[in-house]
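Chemist: Please read through the structure below; I'll follow up with questions.
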Amino acid sequence: MELKNKRVLVVGLGKSGVAAARFLAAHGARVTVSDAKADAGGQETPALLEMGIAVETGTHGERTFVDQDLIVVSPGVPVDLPQLEMARRNGLSIIGEVELAYRFLKGKIIAITGSNGKTTTTTLVGEILKHVGFHVQVGGNIGTPVIDLVAESRNDGWTVLEISSFQLETIVDFRPKIAAILNITPDHLDRHGSMDAYIAAKARIFENQAKGDSVVLNNRDPICRGFVEAGSAIAVPSEVQTVWFEKHGEVGKGACVIDGKICWLDDKTTGIMLPSEVPLKGEHNLENVLAAVACAMLAGCAPKVIREAVMKFKAVDHRLQFISTVDGVEYYNDSKATNVDATIKALESFVGGIHLILGGKDKESDYTVLLPLLRARAKHVYTIGSAAEKIELQLGREVPLTHVETLSNAVKLASEHAVAGDVVLLAPACSSFDQFNNYEHRGKVFRGLVESLLTKKLAHAKGGR
Ligand code: ADP
């Protein structure tokens, strides 16, 4: 792809937009960036201007979208933005940062998507491949934008990517050697409009795959199974190898648990490790490990090395992460549980005694699906943020629930209610943007609140001596 003297517009000045603009300018393109937010770009703007990049913020001028050769759109920008629709009608080529990077990346790609588990699985696959000694880069929807991985990519190396549904909406030729779909449950429906549109976006991960490529799918997920059923509207291309992962029982080819052992099945059965050796909590994490095992086996990693790397792996921050025990009560931070399914998985990870902190910014979710687990395992629900009233309406008559507004009130009240053996769990089923900058911010605040409980407790114990 020739960029020299091409007129390129980058829409959206988030992390990946800034990275794309820099890359394009460094390759000789004449770059404009446009973001509807007035303060977009922030501290990056002077450096962009210095590189000769034109910066438009606070509006998307219609003229800006004309007289361009290419538009690179960031994942945060809706693909049906009127200015983009107009550009499309004018025949302009519109791609995302992932597609742009793909056209320059060297080596083989493993791309992982799903509603939940992407970061955990992508990080784990990266760790396994590194442990083997491969040249590995990890990025995409986590950490480093894909475009920033281009410079260091090598023909003999691997790029392991977490890919979101928004990023998949703007691919054209993106073709991973190994693709994985972990699960598809309702999420981001406010942005995608319908479940069908969301499924279609996720399935784009395999649309360009061909002979020699593999797709790893969840045998338990009805939508994943649908991708290989005869007559299905969205299907894995016939020459692509389908590999399954399954947490209870056998599969034709793939990673599964048979006779209490994690195995890899192809023409023979290879034992990998015991589920009890997996250092992560919850069955959903067993699924993530199985998906990672499948990717790693396909990439040619040795079973022994896979086992070693999995055993060393620690929960990624804010993903069902143990914080501390105070007065016999365990505190877990699952701030990344930003949808109902992730909260279900978090609840399933504890046998009972749960004090659940729920709420934040609603994503048009149905919280009633939490009821069976809440009745069986939760002692109390504390609701926070702008979704609190909706949650209270849906759950308040069925389970003990207190609307506490803030995370700090929630931790305070939960710590007063909980008794030794209980669990206080932040798994809010909502995004964080009403009260926090992002889920990391929310998780850090939670950690801080728990740590100050612990400090108070220690001070109290000292004073009492
Ligand atoms: P993603 O990158 O897809 O958001 P993460 O690994 O960051 O995935 O996990 C997001 C949330 O989903 C966390 O709350 C985590 O505990 C939960 N989770 C992780 N893996 C799974 C899974 N396979 N199925 C359901 N929930 C999961």
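Residues in the structure tokens are numbered from 1 in each chain, the chains being A, B, ... in the order shown, and ligands are numbered from 1 in the order shown.
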Step by step, measure atom-to-atom distances between ligand 1 and each residue using only C-alpha atoms and all ligand atoms, keep those at most 6 Å, then write them as number ranges by chain.

Modeler: A: 114-120, 284-285, 287-288, 319-320, 334, 336-337, 341-342, 345

Chemist: Name the residues of region 126-264 of chain A that fall into strand (DSSP E) according to DSSP on the backbone, using the chain letters and numbers of this document, as number ranges by chain.

Modeler: A: 136-140, 158-162, 178-181, 214-218, 241-246, 254-258, 261-264

Chemist: Between A:Ala414, A:Leu84, A:Val216, A:Val423, which residue has the minimum interatomic distance to Gly352 (chain A), considering only C-alpha atoms?

Modeler: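 Between A:Ala414, A:Leu84, A:Val216, A:Val423, the residue approaching Gly352 (chain A) most closely is A:Val423.
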
Chemist: Excluding region 156-159 of chain A and any residue of its chain fewer than 2 positions from it, enumerate the residues within 12 Å of it, using only C-alpha atoms, and give them as a ChimeraX atom specification.

Modeler: /A:101-102,105-112,122-123,125-130,132-140,144-154,161-163,176-179,295-296,299-300

Chemist: Return as an MDAnalysis selection string the full set of residues in region 121-152 of chain A whose backbone-based DSSP assignment is alpha helix (DSSP H).

Modeler: chainID A and resid 121:132

Chemist: Within 10 Å of Arg191 (chain A), counting only C-alpha atoms, which residues qualify if same-chain residues fewer than 4 places away don't, as a list in words?

Modeler: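 Here the qualifying residues turn out to be Gly76, Val77, Pro78, Val79, Phe166, Asp187, Ala197, Tyr198 and Lys363 of chain A.
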
Chemist: I'd like the neighbourhood of region 206-212 of chain A as a list in words, where a residue qualifies if any of its atoms comes within 8 Å (using only C-alpha atoms), though same-chain residues fewer than 2 positions away should be ignored.

Modeler: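 Non-adjacent residues within range: Asp173, Phe174, Arg175, Pro176, Lys177, Ala179, Ala203, Arg204, Ser214, Val215, Val236, Pro237, Glu239, Val240 and Gln241 of chain A.
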
Chemist: Please compute the CA of Ala294 (chain A)-CA of Asn155 (chain A) distance, one decimal, in Å.

Modeler: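 About the pair CA of Ala294 (chain A) and CA of Asn155 (chain A): they are 22.3 Å apart.
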
Chemist: Have a look at A:Gly28, A:Leu13, A:Gly58, A:Arg7 and name the one nearest to Gly41 (chain A); count only C-alpha atoms.

Modeler: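 That would be A:Leu13, the residue with the smallest distance to Gly41 (chain A).
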
Chemist: Set the distance at 8 Å and use only C-alpha atoms: which residues neighbour Leu358 (chain A) once local chain neighbours fewer than 6 positions away are removed? I'd like the list as a PyMOL selection string.

Modeler: chain A and resi 381-384+388+426-430

Chemist: Restricting it to N, CA, C and O atoms, dump the selection as a compact mmCIF listing (two decimals), in the first residue's frame.

Modeler:
```txt
# COMPACT_ATOMS: atom_id res chain seq x y z
N VAL A 381 -27.38 -7.07 47.40
CA VAL A 381 -26.92 -6.33 46.21
C VAL A 381 -26.88 -4.85 46.56
O VAL A 381 -27.80 -4.33 47.20
N TYR A 382 -25.80 -4.17 46.15
CA TYR A 382 -25.65 -2.73 46.37
C TYR A 382 -25.60 -2.09 45.00
O TYR A 382 -24.76 -2.46 44.17
N THR A 383 -26.48 -1.12 44.73
CA THR A 383 -26.49 -0.55 43.38
C THR A 383 -25.88 0.85 43.38
O THR A 383 -26.12 1.66 44.27
N ILE A 384 -25.09 1.10 42.33
CA ILE A 384 -24.41 2.40 42.19
C ILE A 384 -24.65 2.95 40.78
O ILE A 384 -25.04 2.22 39.87
N ALA A 388 -28.61 2.42 38.52
CA ALA A 388 -29.09 1.88 39.80
C ALA A 388 -30.62 1.75 39.84
O ALA A 388 -31.15 0.73 40.29
N LEU A 426 -17.08 -6.75 43.36
CA LEU A 426 -17.41 -5.69 42.40
C LEU A 426 -17.45 -6.34 41.02
O LEU A 426 -16.42 -6.70 40.46
N ALA A 427 -18.66 -6.56 40.50
CA ALA A 427 -18.83 -7.13 39.15
C ALA A 427 -20.06 -6.43 38.58
O ALA A 427 -21.16 -6.97 38.56
N PRO A 428 -19.92 -5.17 38.17
CA PRO A 428 -21.06 -4.25 38.06
C PRO A 428 -22.00 -4.41 36.86
O PRO A 428 -23.04 -3.77 36.83
N ALA A 429 -21.64 -5.24 35.87
CA ALA A 429 -22.50 -5.49 34.71
C ALA A 429 -22.80 -4.25 33.88
O ALA A 429 -23.70 -4.26 33.04
N CYS A 430 -22.08 -3.19 34.13
CA CYS A 430 -22.31 -1.92 33.43
C CYS A 430 -20.96 -1.30 33.11
O CYS A 430 -19.96 -1.60 33.75
```
